[in-house]
file protein-v3.txt (compact mmCIF, C-alpha atoms and all ligand atoms)
# COMPACT_ATOMS: atom_id res chain seq x y z
CA MET A 795 185.67 39.52 257.34
CA ILE A 796 185.69 37.20 260.35
CA VAL A 797 187.11 33.69 260.13
CA LEU A 798 185.97 31.23 262.78
CA VAL A 799 188.66 28.68 263.44
CA ASP A 800 187.51 25.09 263.93
CA GLU A 801 188.01 23.52 267.35
CA ALA A 802 190.70 21.01 266.36
CA THR A 803 192.83 23.67 264.67
CA ALA A 804 192.43 26.10 267.58
CA LYS A 805 193.73 23.38 269.90
CA SER A 806 196.84 22.69 267.81
CA ALA A 807 199.44 25.46 267.82
CA ALA A 808 201.03 24.15 264.61
CA ALA A 809 197.74 23.86 262.68
CA GLU A 810 196.67 27.31 263.83
CA LYS A 811 200.02 28.80 262.84
CA GLU A 812 199.63 27.30 259.37
CA LEU A 813 196.15 28.79 258.97
CA LEU A 814 197.30 32.22 260.18
CA GLU A 815 200.20 32.13 257.74
CA SER A 816 197.85 31.32 254.84
CA LEU A 817 195.56 34.17 255.86
CA GLY A 818 198.55 36.48 256.30
CA ARG A 819 199.58 35.85 252.70
CA LEU A 820 196.30 37.29 251.37
CA PRO A 821 197.18 40.58 249.62
CA GLY A 822 196.36 43.85 251.46
CA ILE A 823 195.06 42.05 254.54
CA GLU A 824 195.99 42.50 258.18
CA VAL A 825 195.26 39.54 260.46
CA ARG A 826 194.16 39.91 264.11
CA VAL A 827 193.44 36.96 266.37
CA HIS A 828 190.75 37.22 269.06
CA ARG A 829 189.95 34.61 271.68
CA VAL A 830 186.33 34.86 272.76
CA LYS A 831 185.78 33.23 276.14
CA GLY A 832 182.27 31.78 276.32
CA ALA A 833 180.48 29.91 279.08
CA GLU A 834 181.60 26.49 277.80
CA LYS A 835 184.52 27.05 275.49
CA THR A 836 186.89 29.59 274.05
CA VAL A 837 186.28 30.38 270.40
CA THR A 838 189.11 31.62 268.19
CA GLU A 839 188.15 34.27 265.66
CA VAL A 840 190.50 35.80 263.11
CA TYR A 841 189.64 39.27 261.88
CA LEU A 842 190.77 40.08 258.37
CA ILE A 843 191.15 43.83 258.09
CA GLY A 844 191.76 45.76 254.87
CA ASP A 845 190.81 45.03 251.31
CA THR A 846 188.42 42.17 252.09
CA HIS A 847 185.80 43.02 249.47
CA ARG A 848 188.19 41.56 246.87
CA LEU A 849 188.30 38.23 248.70
CA ALA A 850 185.86 35.48 247.72
CA LEU A 851 184.16 34.06 250.78
CA GLU A 852 184.47 30.51 249.40
CA ASP A 853 188.25 30.80 248.93
CA VAL A 854 188.71 31.63 252.60
CA ALA A 855 186.07 29.13 253.76
CA THR A 856 187.88 26.23 252.08
CA LEU A 857 191.24 26.85 253.77
CA PRO A 858 192.12 24.00 256.17
CA GLY A 859 191.06 24.82 259.75
CA VAL A 860 188.26 27.23 258.86
CA GLU A 861 184.87 26.45 260.34
CA ARG A 862 182.93 29.38 258.93
CA VAL A 863 183.46 32.83 257.45
CA VAL A 864 181.30 35.89 258.14
CA ARG A 865 181.41 38.89 255.85
CA VAL A 866 180.84 41.91 258.06
CA SER A 867 179.30 45.23 257.08
CA GLU A 868 181.36 48.41 257.42
CA GLU A 869 179.54 49.45 260.59
CA TYR A 870 180.36 47.77 263.93
CA ARG A 871 182.52 45.10 262.34
CA ILE A 872 183.15 43.18 265.52
CA ILE A 873 180.27 44.01 267.86
CA GLY A 874 177.69 44.11 265.04
CA ARG A 875 174.99 41.61 264.19
CA HIS A 876 175.69 40.72 260.57
CA LYS A 877 173.78 38.78 257.96
CA ASP A 878 174.10 35.01 258.52
CA ASP A 879 176.05 35.78 261.68
CA ARG A 880 175.26 33.04 264.16
CA ARG A 881 178.03 33.87 266.60
CA ALA A 882 176.87 33.67 270.22
CA SER A 883 176.47 36.83 272.25
CA GLY A 884 177.63 37.33 275.79
CA PHE A 885 180.19 35.95 278.21
CA THR A 886 180.60 34.54 281.68
CA TYR A 887 182.68 36.42 284.21
CA ASN A 888 183.44 35.18 287.72
CA GLY A 889 180.53 32.77 287.50
CA VAL A 890 177.98 35.36 286.34
CA GLU A 891 176.52 35.14 282.85
CA PHE A 892 175.97 38.23 280.71
CA SER A 893 174.17 38.02 277.37
CA GLN A 894 171.22 39.39 275.44
CA GLU A 895 169.12 36.71 277.20
CA THR A 896 170.05 37.27 280.85
CA LEU A 897 169.19 39.95 283.40
CA ASN A 898 171.51 41.07 286.22
CA VAL A 899 170.84 43.86 288.71
CA PHE A 900 173.78 45.96 289.95
CA ALA A 901 172.39 47.90 292.91
CA GLY A 902 174.98 49.82 294.90
CA LEU A 903 176.70 53.03 295.88
CA CYS A 904 177.24 55.73 293.27
CA ALA A 905 180.40 56.57 295.21
CA VAL A 906 182.10 54.60 297.96
CA ASP A 907 182.17 56.76 301.11
CA THR A 908 182.45 55.01 304.48
CA PRO A 909 183.19 51.36 305.31
CA GLU A 910 180.00 51.32 307.42
CA ASN A 911 177.82 52.34 304.46
CA ALA A 912 179.51 49.85 302.14
CA GLU A 913 179.08 47.11 304.76
CA ALA A 914 175.37 47.94 305.23
CA LEU A 915 174.83 47.85 301.51
CA PHE A 916 176.65 44.53 300.99
CA ALA A 917 174.72 42.95 303.86
CA GLU A 918 171.39 44.04 302.35
CA LEU A 919 172.41 42.73 298.92
CA ALA A 920 173.40 39.40 300.47
CA ALA A 921 170.00 39.21 302.23
CA PHE A 922 168.41 39.28 298.77
CA ARG A 923 171.01 36.88 297.31
CA GLN A 924 172.41 39.53 294.99
CA VAL A 925 175.89 38.82 293.59
CA CYS A 926 176.50 42.05 291.66
CA THR A 927 176.80 45.67 292.75
CA ARG A 928 178.09 49.08 291.71
CA MET A 929 180.77 50.96 293.69
CA GLY A 930 182.39 54.15 292.42
CA ALA A 931 185.95 54.72 293.64
CA TYR A 932 187.07 57.10 290.88
CA LYS A 933 184.42 59.75 290.27
CA PRO A 934 184.40 62.07 287.26
CA ARG A 935 182.96 65.30 288.71
CA THR A 936 181.85 68.47 286.96
CA ASN A 937 183.21 70.65 289.76
CA PRO A 938 186.91 70.21 290.56
CA TYR A 939 186.23 70.95 294.25
CA SER A 940 183.62 68.19 294.62
CA PHE A 941 184.50 64.83 296.20
CA GLN A 942 186.53 62.91 293.60
CA GLY A 943 186.14 59.44 295.12
CA HIS A 944 188.49 57.63 297.52
CA GLY A 945 190.44 56.12 294.61
CA LYS A 946 192.79 53.23 295.24
CA ALA A 947 192.81 53.79 299.01
CA CYS A 948 189.35 52.24 299.41
CA LEU A 949 189.85 49.28 297.07
CA PRO A 950 191.26 46.73 299.58
CA TRP A 951 188.43 47.11 302.07
CA VAL A 952 185.76 47.38 299.39
CA PHE A 953 186.96 44.13 297.78
CA GLU A 954 187.32 42.30 301.10
CA LYS A 955 183.86 43.29 302.29
CA ALA A 956 182.33 42.45 298.92
CA GLY A 957 183.91 38.99 298.97
CA LYS A 958 182.72 38.40 302.53
CA HIS A 959 179.14 38.97 301.38
CA GLY A 960 179.38 36.82 298.26
CA ILE A 961 179.56 39.64 295.70
CA ARG A 962 181.05 38.34 292.47
CA VAL A 963 181.06 41.40 290.22
CA ILE A 964 181.45 45.10 291.10
CA ALA A 965 180.84 47.69 288.38
CA MET A 966 183.50 50.35 288.92
CA GLU A 967 184.25 53.34 286.73
CA VAL A 968 187.81 54.06 285.62
CA THR A 969 188.76 57.46 284.29
CA HIS A 970 192.43 56.73 283.58
CA GLU A 971 194.21 53.58 282.46
CA SER A 972 196.33 53.57 285.62
CA HIS A 973 193.12 52.81 287.54
CA VAL A 974 192.91 49.44 285.81
CA ASP A 975 196.32 48.48 287.21
CA GLU A 976 195.38 49.75 290.65
CA ILE A 977 192.24 47.59 290.61
CA ALA A 978 194.16 44.54 289.37
CA GLU A 979 196.89 45.01 292.00
CA SER A 980 194.41 45.46 294.81
CA LEU A 981 192.40 42.39 293.79
CA GLU A 982 195.64 40.41 293.69
CA ALA A 983 196.80 41.71 297.07
CA THR A 984 193.49 40.82 298.71
CA GLY A 985 193.39 37.31 297.20
CA ARG A 986 190.74 38.04 294.56
CA PRO A 987 187.71 37.98 296.85
CA THR A 988 185.47 39.40 294.11
CA GLY A 989 185.50 40.52 290.47
CA VAL A 990 185.29 43.91 288.74
CA MET A 991 183.49 45.08 285.62
CA LEU A 992 185.28 48.24 284.48
CA GLN A 993 182.99 51.10 283.60
CA ILE A 994 183.72 53.76 280.98
CA GLY A 995 181.47 56.67 281.88
CA THR A 996 179.43 58.88 279.61
CA ARG A 997 182.04 61.67 279.83
CA ASN A 998 184.88 59.45 278.68
CA ILE A 999 183.19 57.62 275.85
CA GLN A 1000 185.24 59.46 273.25
CA ASN A 1001 188.48 59.29 275.20
CA PHE A 1002 189.91 57.02 272.52
CA GLU A 1003 193.22 56.31 274.24
CA LEU A 1004 191.36 55.19 277.38
CA LEU A 1005 189.09 53.00 275.24
CA LYS A 1006 192.09 51.42 273.54
CA ALA A 1007 193.90 50.76 276.83
CA VAL A 1008 190.82 49.27 278.49
CA GLY A 1009 190.08 47.25 275.35
CA ARG A 1010 193.59 45.78 275.37
CA GLN A 1011 193.55 44.47 278.95
CA PRO A 1012 192.48 40.83 278.94
CA VAL A 1013 191.23 40.53 282.51
CA PHE A 1014 188.12 42.60 283.16
CA PRO A 1015 184.82 42.91 281.29
CA VAL A 1016 183.78 46.44 280.39
CA LEU A 1017 180.53 48.38 280.70
CA VAL A 1018 180.62 51.31 278.28
CA LYS A 1019 177.97 53.96 278.85
CA ARG A 1020 176.36 55.93 276.06
CA GLY A 1021 177.66 59.46 275.59
CA PHE A 1022 175.05 61.92 276.81
CA GLY A 1023 175.61 64.41 273.99
CA ILE A 1024 176.43 62.29 270.94
CA THR A 1025 174.52 60.00 268.63
CA LEU A 1026 173.88 56.34 269.35
CA ASN A 1027 176.07 55.47 266.38
CA GLU A 1028 178.99 57.42 267.86
CA SER A 1029 178.53 55.69 271.20
CA LEU A 1030 178.38 52.24 269.60
CA ASN A 1031 181.63 53.06 267.83
CA ALA A 1032 183.19 53.51 271.26
CA ALA A 1033 182.20 49.92 272.04
CA GLU A 1034 183.71 48.92 268.69
CA TYR A 1035 186.98 50.60 269.79
CA LEU A 1036 187.09 48.27 272.79
CA ALA A 1037 186.37 45.27 270.57
CA SER A 1038 188.93 46.29 267.95
CA GLU A 1039 191.62 46.09 270.65
CA GLY A 1040 190.59 42.56 271.57
CA LYS A 1041 187.93 42.97 274.23
CA SER A 1042 185.06 40.55 273.78
CA GLN A 1043 183.38 40.98 277.18
CA ILE A 1044 181.48 44.22 276.62
CA VAL A 1045 178.13 45.52 277.91
CA PHE A 1046 176.59 48.65 276.42
CA GLY A 1047 174.82 51.00 278.84
CA LEU A 1048 171.96 53.44 278.25
CA ARG A 1049 171.79 56.24 280.83
CA GLY A 1050 169.71 58.99 279.27
CA VAL A 1051 170.81 61.92 277.11
CA LYS A 1052 171.28 65.55 278.05
CA THR A 1053 168.53 67.87 276.86
CA ASN A 1054 166.09 70.20 278.57
CA LEU A 1055 163.36 68.29 276.80
CA GLY A 1056 163.79 65.63 279.47
CA ASP A 1057 163.07 68.06 282.35
CA PRO A 1058 162.34 67.56 285.17
CA HIS A 1059 164.28 64.32 284.80
CA ARG A 1060 168.06 64.71 284.95
CA ASN A 1061 168.34 63.29 281.41
CA LEU A 1062 165.91 62.28 278.70
CA VAL A 1063 165.33 58.57 279.28
CA ASP A 1064 166.44 56.61 276.21
CA PHE A 1065 165.41 53.06 277.06
CA ALA A 1066 163.44 52.84 273.81
CA HIS A 1067 166.91 52.12 272.39
CA VAL A 1068 167.24 48.80 274.26
CA PRO A 1069 165.85 46.77 271.32
CA VAL A 1070 167.76 48.96 268.85
CA VAL A 1071 171.13 48.16 270.43
CA LYS A 1072 170.19 44.47 270.63
CA ARG A 1073 169.34 44.49 266.93
CA LEU A 1074 172.44 46.38 265.78
CA THR A 1075 174.92 44.56 268.01
CA ARG A 1076 175.35 41.32 269.92
CA LEU A 1077 176.12 43.17 273.16
CA PRO A 1078 174.11 42.74 276.36
CA VAL A 1079 172.35 46.05 277.10
CA CYS A 1080 172.39 47.79 280.49
CA ILE A 1081 170.03 50.52 281.65
CA ASP A 1082 170.89 53.06 284.34
CA PRO A 1083 167.60 54.50 285.65
CA SER A 1084 169.34 56.50 288.43
CA HIS A 1085 171.43 58.75 286.21
CA SER A 1086 168.55 59.00 283.73
CA VAL A 1087 165.92 60.20 286.21
CA GLY A 1088 168.09 61.80 288.89
CA SER A 1089 165.57 61.85 291.76
CA ARG A 1090 163.46 59.70 294.08
CA ASP A 1091 160.25 61.53 293.08
CA ARG A 1092 157.15 59.38 292.94
CA ALA A 1093 154.17 59.37 290.62
CA PRO A 1094 150.67 59.59 292.16
CA ASP A 1095 150.46 55.79 291.97
CA GLY A 1096 153.20 55.62 294.62
CA ILE A 1097 155.84 54.24 292.25
CA PRO A 1098 159.08 56.29 291.96
CA ASP A 1099 159.78 57.52 288.38
CA LEU A 1100 163.04 55.63 288.73
CA MET A 1101 161.19 52.32 289.13
CA HIS A 1102 158.78 53.21 286.34
CA VAL A 1103 161.61 53.70 283.85
CA THR A 1104 163.44 50.61 285.11
CA ALA A 1105 160.30 48.60 284.38
CA GLN A 1106 160.10 50.19 280.92
CA GLY A 1107 163.68 49.17 280.14
CA VAL A 1108 163.27 45.63 281.50
CA LEU A 1109 159.99 45.24 279.64
CA ALA A 1110 161.91 46.12 276.48
CA GLY A 1111 164.48 43.37 277.14
CA ALA A 1112 167.29 45.08 279.10
CA ASN A 1113 169.99 42.68 280.33
CA MET A 1114 171.49 44.65 283.20
CA VAL A 1115 170.25 47.35 285.59
CA LEU A 1116 172.75 49.70 287.22
CA VAL A 1117 171.04 51.51 290.08
CA ASP A 1118 172.05 53.77 292.97
CA PHE A 1119 171.14 52.81 296.55
CA HIS A 1120 172.45 54.38 299.76
CA PRO A 1121 171.88 53.64 303.48
CA GLN A 1122 171.70 57.40 304.21
CA PRO A 1123 171.10 59.28 300.95
CA GLY A 1124 171.06 62.61 302.82
CA LYS A 1125 174.70 62.04 303.73
CA ALA A 1126 175.86 60.60 300.39
CA LEU A 1127 178.85 62.48 298.95
CA VAL A 1128 177.66 61.99 295.35
CA ASP A 1129 174.15 61.81 293.85
CA GLY A 1130 172.24 61.39 297.14
CA PRO A 1131 168.94 62.74 295.72
CA GLN A 1132 168.68 59.87 293.23
CA ALA A 1133 169.68 57.03 295.57
CA LEU A 1134 166.94 54.63 296.63
CA LEU A 1135 166.83 53.64 300.30
CA LEU A 1136 168.22 50.31 301.47
CA GLY A 1137 164.78 49.37 302.77
CA GLU A 1138 163.48 49.71 299.20
CA LEU A 1139 165.83 47.08 297.71
CA GLY A 1140 163.37 44.19 298.10
CA TRP A 1141 160.57 46.23 296.53
CA PHE A 1142 162.83 47.29 293.66
CA LEU A 1143 163.91 43.70 292.94
CA GLU A 1144 160.31 42.47 293.02
CA ASP A 1145 159.25 45.25 290.66
CA VAL A 1146 162.07 44.24 288.27
CA ALA A 1147 160.93 40.61 288.46
CA VAL A 1148 157.36 41.64 287.54
CA ALA A 1149 158.65 43.52 284.48
CA ARG A 1150 160.98 40.67 283.50
CA ALA A 1151 158.14 38.13 283.67
CA ALA A 1152 156.07 40.41 281.44
CA TYR A 1153 158.99 40.69 278.98
CA GLU A 1154 159.35 36.90 278.86
CA LYS A 1155 155.63 36.58 278.10
CA ARG A 1156 155.93 39.22 275.37
CA ARG A 1157 158.89 37.38 273.85
CA ALA A 1158 156.98 34.07 273.87
CA LEU A 1159 154.03 35.82 272.21
CA ALA A 1160 156.30 37.16 269.46
CA GLN A 1161 157.81 33.71 268.90
CA ALA A 1162 154.36 32.12 268.68
CA HIS A 1163 153.32 34.79 266.21
CA ALA A 1164 156.44 34.21 264.09
CA ALA A 1165 155.70 30.46 264.00
CA GLN A 1166 152.26 31.01 262.41
CA PRO A 1167 151.82 30.36 258.68
CA ALA A 1168 153.37 33.10 256.51
CA ALA A 1169 150.03 34.18 254.99
CA LYS A 1170 148.76 35.22 258.40
CA THR A 1171 151.92 36.98 259.55
CA SER A 1172 153.01 38.83 256.42
CA ALA A 1173 152.20 42.51 256.40
C1 LIG B 1 178.10 56.54 287.28
O1 LIG B 1 177.53 55.50 286.89
O2 LIG B 1 178.52 56.69 288.42
C2 LIG B 1 178.24 57.67 286.34
C3 LIG B 1 179.02 58.71 286.61
O3 LIG B 1 177.50 57.49 285.25
P1 LIG B 1 177.54 58.31 283.86
O4 LIG B 1 178.90 58.12 283.31
O5 LIG B 1 176.47 57.62 283.07
O6 LIG B 1 177.20 59.73 284.20
MN MN B 2 176.41 59.13 290.00

call {"tool": "encode", "arguments": {"input": "protein-v3.txt", "output": "structure tokens"}}
result
Amino acid sequence: MIVLVDEATAKSAAAEKELLESLGRLPGIEVRVHRVKGAEKTVTEVYLIGDTHRLALEDVATLPGVERVVRVSEEYRIIGRHKDDRRASGFTYNGVEFSQETLNVFAGLCAVDTPENAEALFAELAAFRQVCTRMGAYKPRTNPYSFQGHGKACLPWVFEKAGKHGIRVIAMEVTHESHVDEIAESLEATGRPTGVMLQIGTRNIQNFELLKAVGRQPVFPVLVKRGFGITLNESLNAAEYLASEGKSQIVFGLRGVKTNLGDPHRNLVDFAHVPVVKRLTRLPVCIDPSHSVGSRDRAPDGIPDLMHVTAQGVLAGANMVLVDFHPQPGKALVDGPQALLLGELGWFLEDVAVARAAYEKRRALAQAHAAQPAAKTSA
């Protein structure tokens, strides 16, 4: 059960304490307070965990300081979209809004290699007024002898260069909780020139201790990527782990699933799940066409498969696109074959805009259809 605290009570420490004490006296109930930072205000939510089915909604709703009570289903208690649940989705981080309504493109390096390549990439992003990017410093590699990423050594110059070119959010994978501290320390030491969205990769999605640690830190939003060999439900539970530790700024990422049935793509593209995740949860949904497709191959119409699947995801309402670009893909230390060329960034962004405009038209069409008299719309 989720209790939404009214604004006046949330602003008064004494009134809030009184409400929490009343809730704490409910038998068999554990109380957890979450502050959800929205674009305009911070909302205080109290999660009642335990024997809540024995509680009457009205008894809790009439306690002083309670604005509303939501009874949640067993599945995805915090991230889920429940009956009569009108809680807003999304968050704003470093001036960039993320929700189930917005669309942000994160074009960038799979792995940071040289300062020259990072600089070239940032400059190109700035030329197209992009404020988000991806930059891998800690790389989870299948082969222990492959390049593992520059780690914390590259963070100061990556952050400084990003800030110089107006980048506000960098998606950066962490594979150990110590990486979060390294990122925080480096941002601090460089005067916070930019922001970071922590990424939990497909291989770590069931690393529960990492999920808990990343969920507990209050500073950075988190992009959690679907596990490539587990069910959607299991992956969404990973996002719930983050939320259960207090994290409210979460994006869920689709990146394809591992099966030979997807050949010759690197993974079987799963962007048909964009609307499914939006229906089951209130999380913004990211698509990663690069790790799904795995190559720059083009269809006979001249459009790379990678752009085709991006358009499919955006047309289905995706809210974020994570995509690999590289100034010299032949020299990239990780995933060169799937990186688009810097000269293709403008084309890519225009193609995304075409798909987004089509999605907005489709959404308007659905709304117009829903507004028609019931007799005409009922099946
Ligand atoms: C990545 O985005 O760099 C990455 C390794 O992705 P995934 O975890 O989806 O394989
Ligand atoms: Mn990669």

call {"tool": "residues_near_ligand", "arguments": {"input": "protein-v3.txt", "ligand": "ligand LIG 1 (chain B)", "cutoff": "6 Å", "atoms": "only C-alpha atoms and all ligand atoms", "output": "MDAnalysis selection string"}}
result
chainID A and resid 904 995:997 1019 1049

call {"tool": "closest_residue", "arguments": {"input": "protein-v3.txt", "among": "A:Ser980, A:Gln1106, A:Thr988, A:Gln1132", "to": "Ala1066 (chain A)", "atoms": "all atoms listed in the file"}}
result
A:Gln1106

call {"tool": "residues_near_ligand", "arguments": {"input": "protein-v3.txt", "ligand": "ligand MN 2 (chain B)", "cutoff": "8 Å", "atoms": "all atoms listed in the file", "output": "list in words"}}
result
Cys904, Ala905, Ser1084, His1085, Asp1118, Val1128 and Asp1129 of chain A

call {"tool": "residues_around", "arguments": {"input": "protein-v3.txt", "residues": "region 1096-1103 of chain A", "least_positions_apart": "5", "cutoff": "6 Å", "atoms": "only C-alpha atoms", "output": "count of residues only"}}
result
4

call {"tool": "atom_distance", "arguments": {"input": "protein-v3.txt", "atom1": "CA of Met929 (chain A)", "atom2": "CA of Ile961 (chain A)"}}
result
11.6 Å

call {"tool": "residues_around", "arguments": {"input": "protein-v3.txt", "residues": "Asn888 (chain A)", "least_positions_apart": "6", "cutoff": "10 Å", "atoms": "all atoms listed in the file", "output": "PyMOL selection string"}}
result
chain A and resi 961-963+988-990+1014

call {"tool": "residues_around", "arguments": {"input": "protein-v3.txt", "residues": "Glu918 (chain A)", "least_positions_apart": "4", "cutoff": "8 Å", "atoms": "all atoms listed in the file", "output": "CSV table (one decimal) with C-alpha atoms, in the coordinates of the input"}}
result
chain,number,residue,atom,x,y,z
A,914,ALA,CA,175.4,47.9,305.2
A,922,PHE,CA,168.4,39.3,298.8
A,1136,LEU,CA,168.2,50.3,301.5
A,1139,LEU,CA,165.8,47.1,297.7

call {"tool": "atom_distance", "arguments": {"input": "protein-v3.txt", "atom1": "CA of Thr838 (chain A)", "atom2": "CA of Pro987 (chain A)"}}
result
29.4 Å

call {"tool": "closest_residue", "arguments": {"input": "protein-v3.txt", "among": "A:Phe953, A:Tyr870, A:Phe1119, A:Tyr932", "to": "Leu903 (chain A)", "atoms": "all atoms listed in the file"}}
result
A:Phe1119

call {"tool": "residues_around", "arguments": {"input": "protein-v3.txt", "residues": "Leu897 (chain A)", "least_positions_apart": "6", "cutoff": "10 Å", "atoms": "only C-alpha atoms", "output": "list in words"}}
result
Glu891, Pro1078, Val1079, Cys1080, Val1108, Gly1111, Ala1112, Asn1113, Met1114, Val1115, Val1146, Ala1147 and Arg1150 of chain A

call {"tool": "closest_residue", "arguments": {"input": "protein-v3.txt", "among": "A:Leu1036, A:Ile796, A:Ala983, A:Ala1160", "to": "Ser867 (chain A)", "atoms": "all atoms listed in the file"}}
result
A:Ile796

call {"tool": "atom_distance", "arguments": {"input": "protein-v3.txt", "atom1": "CA of Asn898 (chain A)", "atom2": "CA of Leu1017 (chain A)"}}
result
12.9 Å

call {"tool": "residues_around", "arguments": {"input": "protein-v3.txt", "residues": "Ala882 (chain A)", "least_positions_apart": "3", "cutoff": "9 Å", "atoms": "all atoms listed in the file", "output": "list in words"}}
result
Gly832, Asp879, Phe885, Ser893 and Arg1076 of chain A

call {"tool": "closest_residue", "arguments": {"input": "protein-v3.txt", "among": "A:Asp907, A:Ala807, A:Ile873, A:Cys948", "to": "Ala1033 (chain A)", "atoms": "all atoms listed in the file"}}
result
A:Ile873

call {"tool": "closest_residue", "arguments": {"input": "protein-v3.txt", "among": "A:Lys1155, A:Arg935, A:His1059, A:Arg1073", "to": "Gly874 (chain A)", "atoms": "only C-alpha atoms"}}
result
A:Arg1073

call {"tool": "closest_residue", "arguments": {"input": "protein-v3.txt", "among": "A:Met966, A:Leu851, A:Ala921, A:Met795", "to": "Leu1116 (chain A)", "atoms": "all atoms listed in the file"}}
result
A:Met966

call {"tool": "decode", "arguments": {"input": "protein-v3.txt", "residues": "region 1031-1045 of chain A", "atoms": "N, CA, C and O atoms", "output": "short mmCIF file (atom, residue, chain, number, x, y, z; two decimals), in the first residue's frame"}}
result
data_model
loop_
_atom_site.label_atom_id
_atom_site.label_comp_id
_atom_site.auth_asym_id
_atom_site.auth_seq_id
_atom_site.Cartn_x
_atom_site.Cartn_y
_atom_site.Cartn_z
N ASN A 1031 11.60 -7.02 -12.31
CA ASN A 1031 11.85 -7.16 -10.87
C ASN A 1031 13.19 -6.55 -10.47
O ASN A 1031 13.35 -6.10 -9.33
N ALA A 1032 14.13 -6.55 -11.40
CA ALA A 1032 15.42 -5.89 -11.11
C ALA A 1032 15.19 -4.39 -10.92
O ALA A 1032 15.77 -3.77 -10.02
N ALA A 1033 14.32 -3.82 -11.76
CA ALA A 1033 14.00 -2.40 -11.61
C ALA A 1033 13.28 -2.18 -10.27
O ALA A 1033 13.50 -1.17 -9.59
N GLU A 1034 12.46 -3.13 -9.89
CA GLU A 1034 11.74 -3.03 -8.61
C GLU A 1034 12.74 -3.07 -7.44
O GLU A 1034 12.55 -2.41 -6.42
N TYR A 1035 13.83 -3.85 -7.60
CA TYR A 1035 14.88 -3.88 -6.57
C TYR A 1035 15.42 -2.47 -6.34
O TYR A 1035 15.60 -2.03 -5.21
N LEU A 1036 15.70 -1.77 -7.45
CA LEU A 1036 16.23 -0.41 -7.33
C LEU A 1036 15.23 0.46 -6.58
O LEU A 1036 15.58 1.21 -5.67
N ALA A 1037 13.95 0.34 -6.98
CA ALA A 1037 12.90 1.17 -6.38
C ALA A 1037 12.72 0.83 -4.91
O ALA A 1037 12.51 1.71 -4.07
N SER A 1038 12.83 -0.46 -4.57
CA SER A 1038 12.58 -0.87 -3.19
C SER A 1038 13.65 -0.31 -2.25
O SER A 1038 13.45 -0.21 -1.05
N GLU A 1039 14.79 0.07 -2.81
CA GLU A 1039 15.85 0.67 -1.99
C GLU A 1039 15.75 2.19 -1.97
O GLU A 1039 16.62 2.86 -1.44
N GLY A 1040 14.75 2.73 -2.66
CA GLY A 1040 14.55 4.18 -2.59
C GLY A 1040 14.74 4.93 -3.89
O GLY A 1040 14.49 6.13 -3.96
N LYS A 1041 15.21 4.25 -4.93
CA LYS A 1041 15.47 4.97 -6.18
C LYS A 1041 14.18 5.24 -6.92
O LYS A 1041 13.40 4.33 -7.18
N SER A 1042 13.92 6.50 -7.24
CA SER A 1042 12.71 6.79 -8.00
C SER A 1042 13.03 7.23 -9.42
O SER A 1042 12.15 7.31 -10.26
N GLN A 1043 14.30 7.51 -9.70
CA GLN A 1043 14.67 7.95 -11.06
C GLN A 1043 15.22 6.75 -11.83
O GLN A 1043 16.43 6.52 -11.86
N ILE A 1044 14.31 5.99 -12.43
CA ILE A 1044 14.71 4.76 -13.12
C ILE A 1044 14.20 4.77 -14.55
O ILE A 1044 13.06 5.16 -14.81
N VAL A 1045 15.05 4.32 -15.48
CA VAL A 1045 14.64 4.10 -16.88
C VAL A 1045 14.86 2.62 -17.16
O VAL A 1045 15.88 2.06 -16.73
#
